[in-house]
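> So that you have it, the file is query-v7.pdb, and it contains PDB, C-alpha atoms and all ligand atoms:
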```pdb
MODEL        1
ATOM      1  CA  MET X 107     -43.320 -29.624  -1.440  1.00  0.00           C
ATOM      2  CA  TYR X 108     -46.782 -29.518  -2.924  1.00  0.00           C
ATOM      3  CA  GLY X 109     -49.021 -32.475  -3.710  1.00  0.00           C
ATOM      4  CA  ASP X 110     -48.530 -32.133  -7.457  1.00  0.00           C
ATOM      5  CA  GLU X 111     -44.772 -32.106  -7.192  1.00  0.00           C
ATOM      6  CA  ASN X 112     -42.605 -35.139  -6.951  1.00  0.00           C
ATOM      7  CA  SER X 113     -39.198 -35.520  -5.459  1.00  0.00           C
ATOM      8  CA  SER X 114     -37.517 -34.936  -8.824  1.00  0.00           C
ATOM      9  CA  ASP X 115     -39.211 -31.515  -9.048  1.00  0.00           C
ATOM     10  CA  GLU X 116     -37.912 -30.743  -5.616  1.00  0.00           C
ATOM     11  CA  LEU X 117     -34.454 -32.021  -6.500  1.00  0.00           C
ATOM     12  CA  GLU X 118     -34.476 -29.856  -9.613  1.00  0.00           C
ATOM     13  CA  ALA X 119     -35.418 -26.835  -7.518  1.00  0.00           C
ATOM     14  CA  ILE X 120     -32.604 -27.612  -5.107  1.00  0.00           C
ATOM     15  CA  HIS X 121     -30.157 -27.907  -7.973  1.00  0.00           C
ATOM     16  CA  ALA X 122     -31.395 -24.649  -9.501  1.00  0.00           C
ATOM     17  CA  ALA X 123     -31.030 -22.906  -6.149  1.00  0.00           C
ATOM     18  CA  ARG X 124     -27.530 -24.300  -5.763  1.00  0.00           C
ATOM     19  CA  LEU X 125     -26.633 -23.131  -9.240  1.00  0.00           C
ATOM     20  CA  ASP X 126     -27.893 -19.641  -8.370  1.00  0.00           C
ATOM     21  CA  VAL X 127     -25.758 -19.634  -5.247  1.00  0.00           C
ATOM     22  CA  ASP X 128     -22.770 -20.907  -7.207  1.00  0.00           C
ATOM     23  CA  LEU X 129     -23.203 -18.171  -9.803  1.00  0.00           C
ATOM     24  CA  GLU X 130     -23.599 -15.582  -7.074  1.00  0.00           C
ATOM     25  CA  MET X 131     -20.459 -16.838  -5.336  1.00  0.00           C
ATOM     26  CA  ALA X 132     -18.557 -16.836  -8.617  1.00  0.00           C
ATOM     27  CA  GLU X 133     -19.667 -13.256  -9.232  1.00  0.00           C
ATOM     28  CA  MET X 134     -18.655 -12.220  -5.723  1.00  0.00           C
ATOM     29  CA  ASN X 135     -15.309 -13.964  -6.084  1.00  0.00           C
ATOM     30  CA  ALA X 136     -14.731 -12.311  -9.442  1.00  0.00           C
ATOM     31  CA  SER X 137     -15.436  -8.857  -8.046  1.00  0.00           C
ATOM     32  CA  ALA X 138     -13.313  -9.620  -4.988  1.00  0.00           C
ATOM     33  CA  ASP X 139     -10.511 -10.721  -7.310  1.00  0.00           C
ATOM     34  CA  ALA X 140     -10.864  -7.530  -9.349  1.00  0.00           C
ATOM     35  CA  TRP X 141     -10.882  -5.564  -6.098  1.00  0.00           C
ATOM     36  CA  HIS X 142      -7.696  -7.205  -4.843  1.00  0.00           C
ATOM     37  CA  ALA X 143      -6.064  -7.051  -8.262  1.00  0.00           C
ATOM     38  CA  VAL X 144      -6.212  -3.253  -8.079  1.00  0.00           C
ATOM     39  CA  ARG X 145      -4.372  -3.280  -4.759  1.00  0.00           C
ATOM     40  CA  ASN X 146      -1.998  -6.009  -5.861  1.00  0.00           C
ATOM     41  CA  ARG X 147      -0.989  -3.768  -8.744  1.00  0.00           C
ATOM     42  CA  GLY X 148      -0.149  -1.081  -6.226  1.00  0.00           C
ATOM     43  CA  PHE X 149      -3.176   1.130  -6.716  1.00  0.00           C
ATOM     44  CA  CYS X 150      -5.766   2.250  -4.208  1.00  0.00           C
ATOM     45  CA  ASN X 151      -9.373   1.123  -4.591  1.00  0.00           C
ATOM     46  CA  HIS X 152     -10.635   3.799  -2.175  1.00  0.00           C
ATOM     47  CA  GLY X 153     -12.655   1.234  -0.198  1.00  0.00           C
ATOM     48  CA  SER X 154     -13.233   3.559   2.724  1.00  0.00           C
ATOM     49  CA  ALA X 155     -13.370   7.291   3.124  1.00  0.00           C
ATOM     50  CA  VAL X 156     -14.026   9.873   5.754  1.00  0.00           C
ATOM     51  CA  GLY X 157     -16.159  12.928   5.143  1.00  0.00           C
ATOM     52  CA  TYR X 158     -16.444  16.395   6.552  1.00  0.00           C
ATOM     53  CA  LEU X 159     -18.233  16.007   9.862  1.00  0.00           C
ATOM     54  CA  GLY X 160     -19.238  19.522  10.793  1.00  0.00           C
ATOM     55  CA  SER X 161     -15.700  20.577  11.380  1.00  0.00           C
ATOM     56  CA  PRO X 162     -12.578  20.150   9.311  1.00  0.00           C
ATOM     57  CA  VAL X 163     -11.368  16.556   9.395  1.00  0.00           C
ATOM     58  CA  ARG X 164      -7.707  15.918   9.303  1.00  0.00           C
ATOM     59  CA  GLU X 165      -6.815  12.931   7.132  1.00  0.00           C
ATOM     60  CA  GLY X 166      -3.104  12.876   6.754  1.00  0.00           C
ATOM     61  CA  ARG X 167      -2.191  16.479   6.022  1.00  0.00           C
ATOM     62  CA  LYS X 168      -5.382  17.286   4.170  1.00  0.00           C
ATOM     63  CA  ILE X 169      -8.133  19.394   5.627  1.00  0.00           C
ATOM     64  CA  LEU X 170     -11.552  18.570   4.233  1.00  0.00           C
ATOM     65  CA  LYS X 171     -14.110  21.130   3.282  1.00  0.00           C
ATOM     66  CA  PRO X 172     -17.864  20.476   3.589  1.00  0.00           C
ATOM     67  CA  GLY X 173     -18.936  17.827   1.083  1.00  0.00           C
ATOM     68  CA  GLN X 174     -15.473  16.486   0.465  1.00  0.00           C
ATOM     69  CA  LEU X 175     -14.325  13.008   1.419  1.00  0.00           C
ATOM     70  CA  ALA X 176     -10.837  11.677   1.900  1.00  0.00           C
ATOM     71  CA  CYS X 177      -9.809   8.110   1.141  1.00  0.00           C
ATOM     72  CA  THR X 178      -8.839   6.182   4.256  1.00  0.00           C
ATOM     73  CA  ALA X 179      -7.986   3.007   2.338  1.00  0.00           C
ATOM     74  CA  GLY X 180      -4.419   4.065   1.818  1.00  0.00           C
ATOM     75  CA  CYS X 181      -3.995   6.902  -0.634  1.00  0.00           C
ATOM     76  CA  GLY X 182      -5.631   9.876   1.084  1.00  0.00           C
ATOM     77  CA  THR X 183      -7.123  11.186  -2.149  1.00  0.00           C
ATOM     78  CA  VAL X 184      -9.644  13.950  -1.530  1.00  0.00           C
ATOM     79  CA  PHE X 185     -12.906  13.487  -3.402  1.00  0.00           C
ATOM     80  CA  ALA X 186     -15.034  16.472  -4.322  1.00  0.00           C
ATOM     81  CA  ASN X 187     -18.225  14.812  -3.100  1.00  0.00           C
ATOM     82  CA  ASP X 188     -20.001  11.461  -2.610  1.00  0.00           C
ATOM     83  CA  GLU X 189     -20.554  10.995  -6.356  1.00  0.00           C
ATOM     84  CA  ASP X 190     -16.869  11.562  -7.034  1.00  0.00           C
ATOM     85  CA  TRP X 191     -15.931   8.992  -4.403  1.00  0.00           C
ATOM     86  CA  TYR X 192     -18.488   6.423  -5.605  1.00  0.00           C
ATOM     87  CA  ALA X 193     -17.339   6.853  -9.195  1.00  0.00           C
ATOM     88  CA  GLN X 194     -13.678   6.397  -8.341  1.00  0.00           C
ATOM     89  CA  CYS X 195     -14.466   3.584  -5.932  1.00  0.00           C
ATOM     90  CA  GLY X 196     -16.482   1.809  -8.621  1.00  0.00           C
ATOM     91  CA  ASP X 197     -13.760   2.108 -11.232  1.00  0.00           C
ATOM     92  CA  PRO X 198     -10.478   2.765  -9.428  1.00  0.00           C
ATOM     93  CA  MET X 199      -8.421   2.095 -12.552  1.00  0.00           C
ATOM     94  CA  ALA X 200     -10.137   4.891 -14.505  1.00  0.00           C
ATOM     95  CA  ASN X 201      -8.025   7.328 -12.553  1.00  0.00           C
ATOM     96  CA  PRO X 202      -5.475   5.111 -10.785  1.00  0.00           C
ATOM     97  CA  VAL X 203      -3.873   6.422  -7.622  1.00  0.00           C
ATOM     98  CA  ALA X 204      -0.726   4.633  -6.495  1.00  0.00           C
ATOM     99  CA  LEU X 205      -0.678   3.393  -2.925  1.00  0.00           C
ATOM    100  CA  PRO X 206       2.251   4.570  -0.863  1.00  0.00           C
ATOM    101  CA  ALA X 207       4.941   1.911  -0.576  1.00  0.00           C
ATOM    102  CA  PRO X 208       4.472  -0.212   2.544  1.00  0.00           C
ATOM    103  CA  ALA X 209       6.588   0.904   5.485  1.00  0.00           C
ATOM    104  CA  GLY X 210       9.946  -0.775   5.411  1.00  0.00           C
ATOM    105  CA  ALA X 211       9.750  -1.675   1.740  1.00  0.00           C
TER     106      ALA X 211
HETATM  107 ZN    ZN C   1      -7.668   5.626  -2.052  1.00  0.00          ZN
ENDMDL
END
```
As structure tokens, please, write out the structure in this file.
Ligand SMILES: [Zn+2]

Amino acid sequence: MYGDENSSDELEAIHAARLDVDLEMAEMNASADAWHAVRNRGFCNHGSAVGYLGSPVREGRKILKPGQLACTAGCGTVFANDEDWYAQCGDPMANPVALPAPAGA
């Protein structure tokens, strides 16, 4: 606190900071909800992927070529490259891929 500020200035700053945090949390919760909603609807959000690592990578039955990535979040989709994965990860419902039914279901 500076000499020309009073406690109400400081309180206001604290409230503003709290509001920022609240908004940030609300945003994070909203994107988390959207994220889970995709999976709850039975579609993959491609949250993780494995890439070609100098030798063919086996992900399920798929063999990756250099540059390709395969989803390891459930669906095994092969992406042509990083951009393809990022795009589909960012908007999984643009090209929805159904998750396999859970074992035993
Ligand atoms: Zn996937």
> With only C-alpha atoms and all ligand atoms counted, collect every polymer residue having an atom within 6 Å of ligand ZN 1 (chain C); state the result as a PyMOL selection string.
chain X and resi 150-152+177+179-183
> In Å to one decimal, how far is CA of Arg147 (chain X) from CA of Asn187 (chain X)?
26.0 Å
> Using Å and a single decimal, report how far CA of Ala119 (chain X) sits from CA of Met131 (chain X).
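Computed distance, CA of Met131 (chain X) to CA of Ala119 (chain X), equals 18.1 Å.
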> Would you write out, as a VMD selection string, every residue that the PyMOL selection byres (((chain X and resi 194) around 12) and not hetatm) captures in this file?
chain X and resid 149 to 155 175 to 177 183 to 193 195 to 203
> With distances taken over only C-alpha atoms, which residue among X:Asp139, X:Leu117, X:Gly157, X:Arg145 lies nearest Ile169 (chain X)?
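Residue with the minimum atom-to-atom distance to Ile169 (chain X): X:Gly157.
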> Rounded to one decimal place, report the CA of Glu130 (chain X)-CA of Glu111 (chain X) distance in Å.
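Answer for the CA of Glu130 (chain X) to CA of Glu111 (chain X) separation: 26.9 Å.
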> Give the padded box for region 144-154 of chain X as lines of an AutoDock Vina configuration file: axis-aligned, covering all atoms listed in the file, 4 Å on each side, centre and edge lengths in Å to one decimal.

```
center_x = -6.7
center_y = -1.1
center_z = -3.0
size_x = 21.1
size_y = 17.8
size_z = 19.5
```
> Hey, could you patch up region 137-152 of chain X with N, CA and C atoms and hand it over as a PDB file, in the frame of the given file?

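For reference, selection_19.pdb as written:
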```
ATOM      1  N   SER X 137     -15.587 -10.273  -8.397  1.00  0.00           N
ATOM      2  CA  SER X 137     -15.436  -8.857  -8.046  1.00  0.00           C
ATOM      3  C   SER X 137     -14.419  -8.698  -6.924  1.00  0.00           C
ATOM      4  N   ALA X 138     -14.342  -9.680  -6.025  1.00  0.00           N
ATOM      5  CA  ALA X 138     -13.313  -9.620  -4.988  1.00  0.00           C
ATOM      6  C   ALA X 138     -11.929  -9.717  -5.624  1.00  0.00           C
ATOM      7  N   ASP X 139     -11.800 -10.597  -6.623  1.00  0.00           N
ATOM      8  CA  ASP X 139     -10.511 -10.721  -7.310  1.00  0.00           C
ATOM      9  C   ASP X 139     -10.139  -9.407  -7.993  1.00  0.00           C
ATOM     10  N   ALA X 140     -11.115  -8.799  -8.663  1.00  0.00           N
ATOM     11  CA  ALA X 140     -10.864  -7.530  -9.349  1.00  0.00           C
ATOM     12  C   ALA X 140     -10.452  -6.473  -8.325  1.00  0.00           C
ATOM     13  N   TRP X 141     -11.157  -6.502  -7.191  1.00  0.00           N
ATOM     14  CA  TRP X 141     -10.882  -5.564  -6.098  1.00  0.00           C
ATOM     15  C   TRP X 141      -9.439  -5.716  -5.617  1.00  0.00           C
ATOM     16  N   HIS X 142      -9.048  -6.972  -5.340  1.00  0.00           N
ATOM     17  CA  HIS X 142      -7.696  -7.205  -4.843  1.00  0.00           C
ATOM     18  C   HIS X 142      -6.647  -6.974  -5.924  1.00  0.00           C
ATOM     19  N   ALA X 143      -7.019  -7.241  -7.171  1.00  0.00           N
ATOM     20  CA  ALA X 143      -6.064  -7.051  -8.262  1.00  0.00           C
ATOM     21  C   ALA X 143      -5.621  -5.589  -8.328  1.00  0.00           C
ATOM     22  N   VAL X 144      -6.556  -4.681  -8.066  1.00  0.00           N
ATOM     23  CA  VAL X 144      -6.212  -3.253  -8.079  1.00  0.00           C
ATOM     24  C   VAL X 144      -5.129  -2.988  -7.037  1.00  0.00           C
ATOM     25  N   ARG X 145      -5.352  -3.507  -5.838  1.00  0.00           N
ATOM     26  CA  ARG X 145      -4.372  -3.280  -4.759  1.00  0.00           C
ATOM     27  C   ARG X 145      -3.077  -4.034  -5.024  1.00  0.00           C
ATOM     28  N   ASN X 146      -3.213  -5.237  -5.572  1.00  0.00           N
ATOM     29  CA  ASN X 146      -1.998  -6.009  -5.861  1.00  0.00           C
ATOM     30  C   ASN X 146      -1.126  -5.297  -6.885  1.00  0.00           C
ATOM     31  N   ARG X 147      -1.753  -4.516  -7.755  1.00  0.00           N
ATOM     32  CA  ARG X 147      -0.989  -3.768  -8.744  1.00  0.00           C
ATOM     33  C   ARG X 147      -0.436  -2.473  -8.164  1.00  0.00           C
ATOM     34  N   GLY X 148      -0.733  -2.234  -6.892  1.00  0.00           N
ATOM     35  CA  GLY X 148      -0.149  -1.081  -6.226  1.00  0.00           C
ATOM     36  C   GLY X 148      -1.002   0.172  -6.292  1.00  0.00           C
ATOM     37  N   PHE X 149      -2.293  -0.027  -6.637  1.00  0.00           N
ATOM     38  CA  PHE X 149      -3.176   1.130  -6.716  1.00  0.00           C
ATOM     39  C   PHE X 149      -4.248   1.028  -5.652  1.00  0.00           C
ATOM     40  N   CYS X 150      -4.751   2.185  -5.257  1.00  0.00           N
ATOM     41  CA  CYS X 150      -5.766   2.250  -4.208  1.00  0.00           C
ATOM     42  C   CYS X 150      -7.147   2.040  -4.819  1.00  0.00           C
ATOM     43  N   ASN X 151      -7.995   1.285  -4.114  1.00  0.00           N
ATOM     44  CA  ASN X 151      -9.373   1.123  -4.591  1.00  0.00           C
ATOM     45  C   ASN X 151     -10.348   1.978  -3.773  1.00  0.00           C
ATOM     46  N   HIS X 152      -9.820   2.812  -2.898  1.00  0.00           N
ATOM     47  CA  HIS X 152     -10.635   3.799  -2.175  1.00  0.00           C
ATOM     48  C   HIS X 152     -11.814   3.147  -1.448  1.00  0.00           C
TER      49      HIS X 152
END
```
